[in-house]
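Asks: Compact mmCIF, C-alpha atoms and all ligand atoms, file upload-v1.txt:
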```txt
# COMPACT_ATOMS: atom_id res chain seq x y z
CA MET A 110 1.21 20.61 -6.17
CA SER A 111 0.98 17.80 -3.62
CA LYS A 112 4.17 16.28 -2.29
CA ALA A 113 5.34 12.89 -3.64
CA ASN A 114 4.22 10.00 -1.46
CA LEU A 115 7.29 7.84 -0.77
CA LYS A 116 5.03 4.80 -0.38
CA ASP A 117 4.08 5.12 -4.04
CA LEU A 118 7.74 4.63 -5.00
CA ASP A 119 9.82 1.46 -4.92
CA LEU A 120 13.36 0.93 -3.63
CA ASN A 121 15.05 1.95 -6.89
CA GLU A 122 12.92 5.04 -7.23
CA ILE A 123 13.61 6.01 -3.62
CA MET A 124 17.35 5.61 -4.36
CA ASP A 125 17.00 7.91 -7.37
CA PHE A 126 14.93 10.34 -5.38
CA LEU A 127 17.55 10.51 -2.61
CA ALA A 128 20.34 10.81 -5.15
CA GLY A 129 18.51 13.82 -6.56
CA LEU A 130 18.64 15.37 -3.10
CA GLY A 131 22.36 14.61 -2.85
CA VAL A 132 21.84 11.96 -0.16
CA GLU A 133 24.06 8.84 0.13
CA GLY A 134 22.63 5.62 -1.35
CA TYR A 135 22.65 3.56 1.88
CA ARG A 136 20.01 5.87 3.33
CA ALA A 137 17.49 4.36 0.87
CA SER A 138 17.33 1.02 2.66
CA GLN A 139 17.04 2.77 6.03
CA LEU A 140 14.23 4.89 4.67
CA CYS A 141 12.49 1.86 3.13
CA GLN A 142 12.49 0.14 6.51
CA TRP A 143 10.64 3.06 8.04
CA VAL A 144 8.26 3.46 5.12
CA PHE A 145 7.50 -0.13 4.10
CA GLN A 146 8.18 -2.18 7.22
CA LYS A 147 7.59 -0.03 10.26
CA GLY A 148 5.06 2.11 8.41
CA VAL A 149 5.79 5.31 10.34
CA THR A 150 3.61 8.27 9.47
CA ASN A 151 5.99 10.94 10.69
CA PHE A 152 9.55 11.66 9.54
CA ASN A 153 10.45 12.52 13.13
CA ASP A 154 10.07 8.86 14.10
CA MET A 155 12.97 7.89 11.81
CA THR A 156 15.50 7.79 14.58
CA ASN A 157 18.50 6.58 12.55
CA ILE A 158 18.07 9.35 9.96
CA PRO A 159 19.78 12.65 10.81
CA MET A 160 17.41 15.39 11.89
CA GLU A 161 18.48 17.61 9.00
CA LEU A 162 17.59 14.95 6.43
CA ARG A 163 14.27 14.23 8.16
CA GLN A 164 13.37 17.91 7.83
CA LYS A 165 14.51 18.02 4.24
CA LEU A 166 12.39 14.96 3.39
CA ASP A 167 9.41 16.35 5.27
CA ALA A 168 9.59 19.45 3.11
CA VAL A 169 9.57 17.60 -0.21
CA CYS A 170 7.70 14.33 0.26
CA SER A 171 4.99 12.61 2.29
CA LEU A 172 4.55 9.19 3.89
CA GLY A 173 0.94 8.40 2.97
CA GLY A 174 -1.01 6.76 5.78
CA MET A 175 -4.51 5.43 6.11
CA ASP A 176 -7.07 6.38 8.73
CA ILE A 177 -9.50 3.79 10.03
CA LEU A 178 -12.89 5.53 9.79
CA SER A 179 -14.79 2.63 11.28
CA LYS A 180 -14.42 -1.04 11.99
CA GLN A 181 -16.66 -3.99 12.77
CA VAL A 182 -15.36 -7.05 14.58
CA SER A 183 -17.03 -10.44 14.24
CA ARG A 184 -17.69 -12.07 17.58
CA ARG A 185 -17.91 -15.38 15.78
CA ASP A 186 -14.48 -15.67 14.15
CA GLY A 187 -12.59 -12.43 14.77
CA THR A 188 -12.95 -11.18 11.18
CA ILE A 189 -12.59 -7.41 11.07
CA LYS A 190 -14.14 -5.19 8.39
CA TYR A 191 -12.52 -1.79 8.03
CA LEU A 192 -13.54 1.41 6.36
CA PHE A 193 -10.38 3.33 5.50
CA GLY A 194 -10.25 7.04 4.75
CA LEU A 195 -7.83 8.52 2.24
CA PRO A 196 -6.56 12.09 2.50
CA ASP A 197 -8.80 13.30 -0.34
CA GLY A 198 -11.92 12.10 1.46
CA VAL A 199 -12.36 8.88 -0.51
CA ALA A 200 -13.20 5.78 1.53
CA VAL A 201 -12.37 2.14 0.75
CA GLU A 202 -12.91 -1.15 2.54
CA GLY A 203 -10.54 -3.75 3.80
CA VAL A 204 -11.03 -6.97 5.72
CA LEU A 205 -8.86 -9.05 8.02
CA MET A 206 -9.61 -12.76 8.22
CA ARG A 207 -7.96 -14.96 10.80
CA HIS A 208 -7.14 -18.46 9.63
CA SER A 209 -5.23 -21.32 11.22
CA TYR A 210 -2.45 -20.69 8.67
CA GLY A 211 -2.17 -16.94 9.30
CA ASN A 212 -3.82 -13.57 8.86
CA SER A 213 -5.29 -12.80 5.49
CA ALA A 214 -6.02 -9.23 4.40
CA CYS A 215 -8.56 -8.38 1.73
CA VAL A 216 -7.41 -5.22 -0.03
CA SER A 217 -9.22 -2.73 -2.31
CA THR A 218 -7.55 -1.70 -5.55
CA GLN A 219 -9.98 1.04 -6.59
CA ALA A 220 -12.47 3.27 -4.82
CA GLY A 221 -15.74 2.17 -6.37
CA CYS A 222 -15.70 0.08 -9.52
CA ARG A 223 -16.83 0.51 -13.11
CA MET A 224 -17.41 -3.15 -13.92
CA GLY A 225 -21.13 -3.06 -13.09
CA CYS A 226 -21.59 -6.64 -11.80
CA ARG A 227 -25.28 -6.80 -10.89
CA PHE A 228 -24.88 -8.45 -7.48
CA CYS A 229 -22.01 -6.29 -6.22
CA ALA A 230 -22.44 -3.23 -4.00
CA SER A 231 -19.00 -1.75 -4.79
CA THR A 232 -20.07 -0.81 -8.29
CA ILE A 233 -23.44 0.80 -7.53
CA ASP A 234 -22.07 4.35 -7.50
CA GLY A 235 -19.57 3.60 -10.26
CA MET A 236 -15.87 4.26 -10.20
CA VAL A 237 -14.45 7.00 -7.98
CA ARG A 238 -10.74 6.58 -8.72
CA ASN A 239 -7.84 4.17 -8.93
CA LEU A 240 -5.82 3.62 -5.78
CA THR A 241 -2.06 4.02 -5.95
CA SER A 242 0.28 1.20 -4.96
CA GLY A 243 1.06 3.12 -1.76
CA GLU A 244 -2.63 3.32 -0.88
CA MET A 245 -3.00 -0.44 -1.32
CA TYR A 246 0.12 -0.93 0.78
CA ASP A 247 -1.22 1.37 3.49
CA GLN A 248 -4.30 -0.82 3.92
CA VAL A 249 -2.06 -3.75 4.89
CA LEU A 250 0.02 -1.61 7.24
CA ALA A 251 -3.09 -0.15 8.88
CA ILE A 252 -4.47 -3.65 9.48
CA GLN A 253 -1.16 -4.89 10.90
CA ARG A 254 -0.93 -1.88 13.18
CA ASP A 255 -4.52 -2.29 14.32
CA VAL A 256 -4.25 -6.00 15.19
CA GLY A 257 -0.61 -5.92 16.30
CA ASP A 258 0.13 -8.97 14.19
CA ARG A 259 1.63 -9.84 10.82
CA VAL A 260 -0.47 -10.21 7.69
CA SER A 261 0.78 -13.31 5.88
CA HIS A 262 -1.76 -13.67 3.06
CA LEU A 263 -3.41 -11.18 0.71
CA VAL A 264 -6.50 -11.36 -1.43
CA LEU A 265 -7.18 -8.53 -3.88
CA MET A 266 -10.91 -8.87 -3.48
CA GLY A 267 -11.91 -5.58 -1.90
CA SER A 268 -13.59 -2.90 -3.96
CA GLY A 269 -12.39 -2.42 -7.51
CA GLU A 270 -11.10 -4.47 -10.38
CA PRO A 271 -7.34 -5.09 -10.02
CA LEU A 272 -6.80 -5.63 -13.75
CA ASP A 273 -8.50 -2.29 -14.46
CA ASN A 274 -5.73 -0.71 -12.37
CA TYR A 275 -3.03 -3.05 -13.63
CA HIS A 276 0.10 -0.96 -13.24
CA GLN A 277 -0.51 0.17 -9.65
CA THR A 278 -1.70 -3.28 -8.59
CA LEU A 279 1.46 -4.92 -9.94
CA ARG A 280 3.64 -2.30 -8.26
CA PHE A 281 1.85 -3.01 -4.99
CA ILE A 282 2.38 -6.77 -5.36
CA ALA A 283 6.07 -6.23 -6.09
CA LYS A 284 6.61 -4.04 -3.00
CA VAL A 285 4.54 -6.00 -0.53
CA SER A 286 6.38 -9.20 -1.48
CA ALA A 287 9.85 -7.60 -1.53
CA PRO A 288 12.38 -8.23 1.26
CA TYR A 289 12.52 -4.46 1.83
CA GLY A 290 8.71 -4.51 2.09
CA LEU A 291 6.54 -6.93 4.03
CA ASN A 292 8.07 -10.01 2.44
CA ILE A 293 4.66 -11.59 1.89
CA SER A 294 5.14 -14.69 -0.24
CA LEU A 295 3.83 -14.31 -3.80
CA ARG A 296 2.27 -17.76 -3.34
CA HIS A 297 0.14 -16.27 -0.59
CA ILE A 298 -1.29 -13.55 -2.83
CA THR A 299 -4.55 -14.02 -4.77
CA LEU A 300 -5.67 -11.59 -7.44
CA SER A 301 -9.34 -11.76 -8.31
CA THR A 302 -10.72 -10.50 -11.62
CA CYS A 303 -14.15 -10.27 -13.18
CA GLY A 304 -12.53 -11.49 -16.41
CA ILE A 305 -10.58 -8.79 -18.26
CA VAL A 306 -9.02 -11.06 -20.85
CA PRO A 307 -6.09 -8.88 -22.01
CA GLY A 308 -5.18 -8.32 -18.34
CA ILE A 309 -5.21 -12.06 -17.64
CA LYS A 310 -2.92 -12.67 -20.63
CA ARG A 311 -0.58 -9.89 -19.58
CA LEU A 312 -0.48 -11.22 -16.02
CA ALA A 313 0.25 -14.72 -17.30
CA ASN A 314 3.42 -13.36 -18.88
CA GLU A 315 4.68 -11.64 -15.71
CA GLY A 316 5.95 -14.96 -14.34
CA LEU A 317 4.54 -14.36 -10.86
CA PRO A 318 3.54 -17.37 -8.78
CA ILE A 319 0.42 -15.62 -7.46
CA THR A 320 -3.01 -17.27 -7.57
CA LEU A 321 -5.46 -16.02 -10.16
CA ALA A 322 -9.10 -16.10 -9.12
CA VAL A 323 -11.71 -15.54 -11.81
CA SER A 324 -15.20 -14.44 -10.86
CA LEU A 325 -17.18 -16.73 -13.12
CA HIS A 326 -20.63 -16.90 -11.49
CA ALA A 327 -22.26 -18.49 -14.54
CA PRO A 328 -21.80 -21.56 -16.73
CA ASN A 329 -22.92 -19.92 -19.99
CA ASP A 330 -22.91 -16.54 -21.74
CA ALA A 331 -26.65 -15.96 -21.36
CA ILE A 332 -26.54 -16.06 -17.56
CA ARG A 333 -23.15 -14.36 -17.35
CA ASN A 334 -24.29 -11.52 -19.63
CA SER A 335 -27.22 -10.90 -17.31
CA LEU A 336 -24.96 -10.73 -14.23
CA MET A 337 -21.70 -9.28 -15.48
CA PRO A 338 -21.50 -6.63 -18.24
CA ILE A 339 -17.81 -7.50 -18.81
CA ASN A 340 -18.98 -10.77 -20.38
CA ARG A 341 -20.36 -8.87 -23.38
CA LYS A 342 -16.85 -7.64 -24.07
CA TYR A 343 -15.00 -10.85 -23.15
CA PRO A 344 -17.38 -13.82 -23.46
CA LEU A 345 -16.61 -17.29 -22.13
CA SER A 346 -15.18 -18.32 -25.52
CA GLU A 347 -12.34 -15.85 -24.82
CA LEU A 348 -12.21 -16.00 -21.02
CA ILE A 349 -11.79 -19.75 -20.67
CA PRO A 350 -8.90 -19.98 -23.21
CA ALA A 351 -7.22 -17.03 -21.40
CA CYS A 352 -7.44 -19.02 -18.16
CA ARG A 353 -5.95 -22.05 -19.89
CA GLU A 354 -3.14 -19.84 -21.17
CA TYR A 355 -2.55 -18.58 -17.62
CA ILE A 356 -2.31 -22.13 -16.33
CA ASN A 357 0.00 -23.20 -19.15
CA LEU A 358 2.37 -20.30 -18.64
CA THR A 359 2.44 -20.27 -14.83
CA GLY A 360 1.71 -23.90 -13.92
CA ARG A 361 -0.66 -22.50 -11.31
CA ARG A 362 -4.16 -23.75 -10.59
CA VAL A 363 -6.85 -21.14 -11.24
CA THR A 364 -9.67 -20.55 -8.78
CA PHE A 365 -13.12 -19.93 -10.21
CA GLU A 366 -15.42 -18.03 -7.90
CA TYR A 367 -19.08 -18.86 -8.27
CA SER A 368 -21.63 -16.93 -6.21
CA LEU A 369 -24.80 -18.97 -6.00
CA ILE A 370 -27.91 -16.89 -6.61
CA LYS A 371 -31.27 -18.46 -5.93
CA GLY A 372 -33.10 -19.43 -9.11
CA ILE A 373 -30.52 -17.77 -11.38
CA ASN A 374 -27.39 -19.91 -11.55
CA ASP A 375 -27.82 -22.56 -8.85
CA GLY A 376 -29.71 -25.40 -10.55
CA ILE A 377 -28.31 -28.88 -11.03
CA GLU A 378 -28.35 -28.33 -14.80
CA GLN A 379 -26.07 -25.30 -14.28
CA ALA A 380 -23.73 -27.50 -12.25
CA TRP A 381 -23.52 -29.92 -15.20
CA GLU A 382 -22.93 -27.08 -17.61
CA LEU A 383 -20.22 -25.63 -15.37
CA ALA A 384 -18.56 -29.04 -15.08
CA ALA A 385 -18.52 -29.31 -18.88
CA LEU A 386 -17.12 -25.79 -19.25
CA LEU A 387 -14.28 -26.47 -16.82
CA LYS A 388 -13.50 -30.00 -17.94
CA ASN A 389 -9.76 -30.74 -18.01
CA ILE A 390 -8.80 -27.34 -16.63
CA LEU A 391 -6.41 -27.28 -13.66
CA CYS A 392 -8.80 -25.44 -11.38
CA HIS A 393 -10.74 -25.22 -8.21
CA VAL A 394 -14.27 -23.87 -7.82
CA ASN A 395 -15.11 -21.73 -4.83
CA LEU A 396 -18.85 -21.69 -4.20
CA ILE A 397 -20.13 -18.64 -2.33
CA PRO A 398 -23.79 -18.17 -1.46
CA VAL A 399 -24.45 -14.66 -2.78
CA ASN A 400 -24.47 -11.94 -0.20
CA PRO A 401 -27.74 -10.07 -0.74
CA VAL A 402 -27.30 -6.37 -1.47
CA LYS A 403 -30.22 -4.22 -0.41
CA GLU A 404 -30.46 -2.36 -3.74
CA ARG A 405 -30.68 -5.66 -5.65
CA GLU A 406 -33.22 -8.41 -5.78
CA TYR A 407 -30.86 -11.40 -5.60
CA GLN A 408 -31.25 -14.00 -2.87
CA LYS A 409 -28.92 -16.57 -1.36
CA THR A 410 -29.17 -20.18 -2.44
CA ASP A 411 -30.34 -22.43 0.40
CA ARG A 412 -27.64 -24.45 2.14
CA ASP A 413 -28.85 -27.86 0.91
CA ARG A 414 -28.84 -26.63 -2.70
CA VAL A 415 -25.33 -25.27 -2.27
CA ILE A 416 -24.19 -28.69 -1.11
CA ALA A 417 -26.09 -30.41 -3.95
CA PHE A 418 -24.37 -28.07 -6.45
CA GLN A 419 -20.97 -28.86 -4.97
CA LYS A 420 -21.64 -32.63 -5.03
CA GLU A 421 -22.70 -32.45 -8.66
CA LEU A 422 -19.48 -30.67 -9.63
CA GLU A 423 -17.41 -33.21 -7.72
CA ARG A 424 -19.30 -36.08 -9.31
CA HIS A 425 -18.02 -34.72 -12.62
CA GLY A 426 -14.47 -34.51 -11.33
CA ILE A 427 -14.42 -30.76 -10.61
CA ASN A 428 -12.81 -29.86 -7.34
CA ALA A 429 -15.21 -27.56 -5.45
CA THR A 430 -15.45 -26.13 -1.97
CA VAL A 431 -18.04 -23.98 -0.28
CA ARG A 432 -16.31 -20.87 0.92
CA LYS A 433 -16.30 -20.49 4.65
CA GLU A 434 -18.40 -17.44 5.38
CA MET A 435 -16.10 -15.29 7.46
CA GLY A 436 -17.59 -12.63 9.68
CA SER A 437 -21.14 -13.58 8.77
CA ASP A 438 -22.48 -11.83 11.88
CA ILE A 439 -21.02 -8.53 10.64
CA ASP A 440 -21.59 -9.44 7.04
CA ALA A 441 -21.82 -6.66 4.59
CA ALA A 442 -21.43 -7.67 0.97
CA CYS A 443 -18.64 -6.08 -1.02
CA GLY A 444 -18.98 -2.32 -0.79
CA GLN A 445 -21.77 -2.32 1.76
CA LEU A 446 -19.73 -0.96 4.64
CA ARG A 447 -18.70 1.95 2.47
CA ARG A 448 -22.25 2.51 1.25
CA ARG A 449 -23.68 2.58 4.72
CA LYS A 450 -21.11 5.15 5.71
CA SER A 451 -21.76 7.25 2.63
CA ASP A 452 -25.54 7.15 3.20
CA SER A 453 -25.04 8.86 6.52
CA CYS A 454 -22.26 11.28 5.51
CA ARG A 455 -23.27 12.01 1.95
CA SER A 456 -21.95 15.45 1.21
CA SER A 457 -22.55 16.20 -2.41
CA PRO A 458 -25.02 14.61 -4.79
CA ALA A 459 -22.43 14.86 -7.55
CA MET A 460 -20.02 12.66 -5.60
CA PRO A 461 -22.41 10.44 -3.67
CA SER A 462 -19.84 7.79 -2.87
CA LYS A 463 -17.35 10.13 -1.22
CA VAL A 464 -17.07 10.12 2.50
CA GLN A 465 -15.73 13.16 4.31
CA LEU A 466 -12.77 12.20 6.37
CA LYS A 467 -13.23 13.06 10.00
CA ARG A 468 -10.06 14.50 11.42
N1 LIG A 501 -13.25 -7.09 -9.25
C1 LIG A 501 -12.72 -8.32 -8.78
C2 LIG A 501 -12.45 -8.37 -7.30
C3 LIG A 501 -13.43 -7.74 -6.35
S1 LIG A 501 -14.87 -8.59 -5.80
C4 LIG A 501 -13.58 -9.48 -9.21
O1 LIG A 501 -14.64 -9.25 -9.79
O2 LIG A 501 -13.19 -10.63 -9.02
C5 LIG A 501 -14.38 -10.07 -5.00
C6 LIG A 501 -15.37 -11.21 -5.24
O3 LIG A 501 -16.63 -10.99 -4.56
C7 LIG A 501 -15.73 -11.42 -6.71
O4 LIG A 501 -15.77 -12.80 -6.99
C8 LIG A 501 -17.11 -10.84 -6.79
O5 LIG A 501 -17.81 -11.32 -7.90
C9 LIG A 501 -17.69 -11.27 -5.46
N2 LIG A 501 -18.87 -10.56 -5.02
C10 LIG A 501 -19.20 -9.27 -5.18
N3 LIG A 501 -20.39 -9.00 -4.63
C11 LIG A 501 -20.82 -10.14 -4.08
C12 LIG A 501 -21.99 -10.51 -3.38
N4 LIG A 501 -22.95 -9.62 -3.13
N5 LIG A 501 -22.09 -11.79 -2.94
C13 LIG A 501 -21.11 -12.68 -3.21
N6 LIG A 501 -20.00 -12.41 -3.87
C14 LIG A 501 -19.86 -11.14 -4.32
```
Render the structure in this file as structure tokens.
Replies:
Amino acid sequence: MSKANLKDLDLNEIMDFLAGLGVEGYRASQLCQWVFQKGVTNFNDMTNIPMELRQKLDAVCSLGGMDILSKQVSRRDGTIKYLFGLPDGVAVEGVLMRHSYGNSACVSTQAGCRMGCRFCASTIDGMVRNLTSGEMYDQVLAIQRDVGDRVSHLVLMGSGEPLDNYHQTLRFIAKVSAPYGLNISLRHITLSTCGIVPGIKRLANEGLPITLAVSLHAPNDAIRNSLMPINRKYPLSELIPACREYINLTGRRVTFEYSLIKGINDGIEQAWELAALLKNILCHVNLIPVNPVKEREYQKTDRDRVIAFQKELERHGINATVRKEMGSDIDAACGQLRRRKSDSCRSSPAMPSKVQLKR
């Protein structure tokens, strides 16, 4: 059996764990500092923990850790795209974006994804597995270590659907925002979902001041059904009221993400329809020209049509911005970095999305 990863636990669980080993309670906060703040990968580095306890811990538990398999750095804006390797050979992506207000990390919550959105590369090989809270946490630590700077903002917009891995995602958010963790403000955390309605309702009741982003991408069910299979399960008549419920319970503005796809969802009539759909909702629309994925036929909307779409929304009183395209010179749509890697290191046709970890 594999050893328990301390990073998958929280402070209380680490206290219980230590108590089970007959260790004094105050050691838990010392240990948490090493695990969740300094992010050491070796018990021997824990200099204020007695050698005997270090050895005892080493025998019964692990510290996680995330290898950087590859990285691409944008010359244009310093954005870094990472491919991380997990001990079982699974690879996930992460991104660091540098903004005037701080460093924002884009974190994956699952390896692969089972949501099947037509324009998204992460889902092409389906779902590999859920990530644990410690594995999400390790992505942030690996980025901080790599850039030698603090991550102040998080977006859960890497591979995977956070609400399809609800429990681990919420545990991650709790730890990364805790004073014993990285103390990242909950207001600086954005969770993005393709629209799992029960998950949105559950999240609304957690009382967390995080930002909810909903990947809408269509103003009506016909277009959304053709792009996002989840819409057949939770159509707009259920999704939009769930967003309203989220706003009512949290007082937070919801972000709607809308990837503009040439000839599919980018016409002026779709802008009107979207404005009508979102009328009187405390929200913000983030327009993103779709990032073409080589396995799919979708093309980016031209710049002038993006602006026309935005203007039309604003004319109807809907607040809309065009998302700054970070790292466009190294651009790989969601999941593409991982796919490129797996194309070259594909080991088994049964597990085509696995990448062998080079040690
Ligand atoms: N599963 C979550 C979060 C992961 S994807 C969700 O669906 O929201 C993060 C965002 O990138 C989502 O809005 C997703 O729809 C969008 N996205 C995925 N592939 C894209 C592409 N090729 N071009 C533009 N946006 C894309």
Asks: Go ahead and compute the interatomic distance for CA of Ala429 in chain A and CA of Tyr210 in chain A, in Å to one decimal.
Replies: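 Separating CA of Ala429 in chain A from CA of Tyr210 in chain A is a distance of 20.2 Å.
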Asks: Show me which residues sit within 7 Å of ligand LIG 501 (chain A) when counting all atoms listed in the file, and put them as a ChimeraX atom specification.
Replies: /A:228-230,265-271,301-303,322-324,366,368,397-402,442-443
Asks: Produce a table with one row for each residue of range 308-342 of chain A that has an atom at most 9 Å from any atom of range 351-357 of chain A, each row naming the nearest atom pair and its distance in Å at one decimal; use only C-alpha atoms; arrange rows by chain and rising residue number; format as a tab-separated table.
Replies:
```
residue	atom	partner	partner_atom	distance
A:Ile309	CA	A:Ala351	CA	6.5
A:Lys310	CA	A:Ala351	CA	6.2
A:Leu312	CA	A:Tyr355	CA	7.8
A:Ala313	CA	A:Tyr355	CA	4.8
A:Asn314	CA	A:Tyr355	CA	8.0
A:Leu321	CA	A:Tyr355	CA	8.4
A:Val323	CA	A:Cys352	CA	8.4
```
Asks: Tell me which of A:Gly221, A:Gly304, A:Gly173, A:Gly131 sits closest to Asp197 in chain A, counting only C-alpha atoms.
Replies: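 So, comparing all the options, the nearest one is A:Gly173.
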Asks: To one decimal place in Å, what is the distance between CA of Val201 in chain A and CA of Arg280 in chain A?
Replies: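 Spanning CA of Val201 in chain A to CA of Arg280 in chain A is a straight-line distance of 18.9 Å.
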Asks: Leaving out Gln181 in chain A and any residue of its chain fewer than 5 positions from it, which residues lie within 10 Å of it when counting only C-alpha atoms, given as a list in words?
Replies: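 Surrounding residues, per the criterion: Gly187, Thr188, Ile189, Lys190, Tyr191, Leu192, Val204, Gly436, Asp438, Ile439, Asp440 and Leu446 of chain A.
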Asks: Determine, counting all atoms listed in the file, which protein, DNA and RNA residues have an atom within 6 Å of an atom of Thr364 in chain A; residues of the same chain fewer than 5 positions away are not included. Present the result as an mmCIF file with C-alpha atoms, keeping the file's coordinate frame.
Replies:
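Contents of result-v1.cif, freshly written:
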```cif
data_model
loop_
_atom_site.group_PDB
_atom_site.id
_atom_site.type_symbol
_atom_site.label_atom_id
_atom_site.label_comp_id
_atom_site.auth_asym_id
_atom_site.auth_seq_id
_atom_site.Cartn_x
_atom_site.Cartn_y
_atom_site.Cartn_z
ATOM 1 C CA ALA A 322 -9.100 -16.100 -9.120
ATOM 2 C CA CYS A 392 -8.800 -25.440 -11.380
ATOM 3 C CA HIS A 393 -10.740 -25.220 -8.210
ATOM 4 C CA VAL A 394 -14.270 -23.870 -7.820
#
```
Asks: Taking (-17.5, -24.0, -3.2) as a centre in this file's frame and 6 Å as the limit, can you find every polymer residue with an atom that close, using all atoms listed in the file, and give them as number ranges by chain?
Replies: A: 394-396, 429-432
Asks: Taking into account all atoms listed in the file, which residue in the set A:His208, A:His326, A:Lys112, A:Arg136 is nearest to Cys170 in chain A?
Replies: A:Lys112
Asks: Can you complete the atoms of range 351-362 of chain A to N, CA, C and O atoms and list them as a compact mmCIF listing (two decimals), in the coordinates of the input?
Replies:
```txt
# COMPACT_ATOMS: atom_id res chain seq x y z
N ALA A 351 -8.21 -17.89 -22.09
CA ALA A 351 -7.22 -17.03 -21.40
C ALA A 351 -6.82 -17.69 -20.08
O ALA A 351 -5.64 -17.63 -19.69
N CYS A 352 -7.78 -18.32 -19.41
CA CYS A 352 -7.44 -19.02 -18.16
C CYS A 352 -6.53 -20.21 -18.44
O CYS A 352 -5.58 -20.46 -17.70
N ARG A 353 -6.83 -20.92 -19.51
CA ARG A 353 -5.95 -22.05 -19.89
C ARG A 353 -4.54 -21.56 -20.17
O ARG A 353 -3.56 -22.18 -19.78
N GLU A 354 -4.45 -20.41 -20.84
CA GLU A 354 -3.14 -19.84 -21.17
C GLU A 354 -2.41 -19.49 -19.86
O GLU A 354 -1.21 -19.73 -19.72
N TYR A 355 -3.15 -18.93 -18.91
CA TYR A 355 -2.55 -18.58 -17.62
C TYR A 355 -1.97 -19.82 -16.94
O TYR A 355 -0.85 -19.82 -16.44
N ILE A 356 -2.76 -20.88 -16.97
CA ILE A 356 -2.31 -22.13 -16.33
C ILE A 356 -1.08 -22.69 -17.05
O ILE A 356 -0.10 -23.10 -16.43
N ASN A 357 -1.13 -22.67 -18.38
CA ASN A 357 0.00 -23.20 -19.15
C ASN A 357 1.28 -22.43 -18.89
O ASN A 357 2.36 -23.02 -18.75
N LEU A 358 1.16 -21.12 -18.81
CA LEU A 358 2.37 -20.30 -18.64
C LEU A 358 2.89 -20.29 -17.21
O LEU A 358 4.09 -20.15 -16.99
N THR A 359 2.00 -20.41 -16.23
CA THR A 359 2.44 -20.27 -14.83
C THR A 359 2.49 -21.61 -14.10
O THR A 359 3.10 -21.70 -13.04
N GLY A 360 1.79 -22.61 -14.62
CA GLY A 360 1.71 -23.90 -13.92
C GLY A 360 0.84 -23.82 -12.67
O GLY A 360 0.79 -24.76 -11.88
N ARG A 361 0.15 -22.71 -12.50
CA ARG A 361 -0.66 -22.50 -11.31
C ARG A 361 -2.12 -22.87 -11.55
O ARG A 361 -2.66 -22.61 -12.63
N ARG A 362 -2.74 -23.42 -10.53
CA ARG A 362 -4.16 -23.75 -10.59
C ARG A 362 -4.98 -22.46 -10.47
O ARG A 362 -4.67 -21.60 -9.64
```
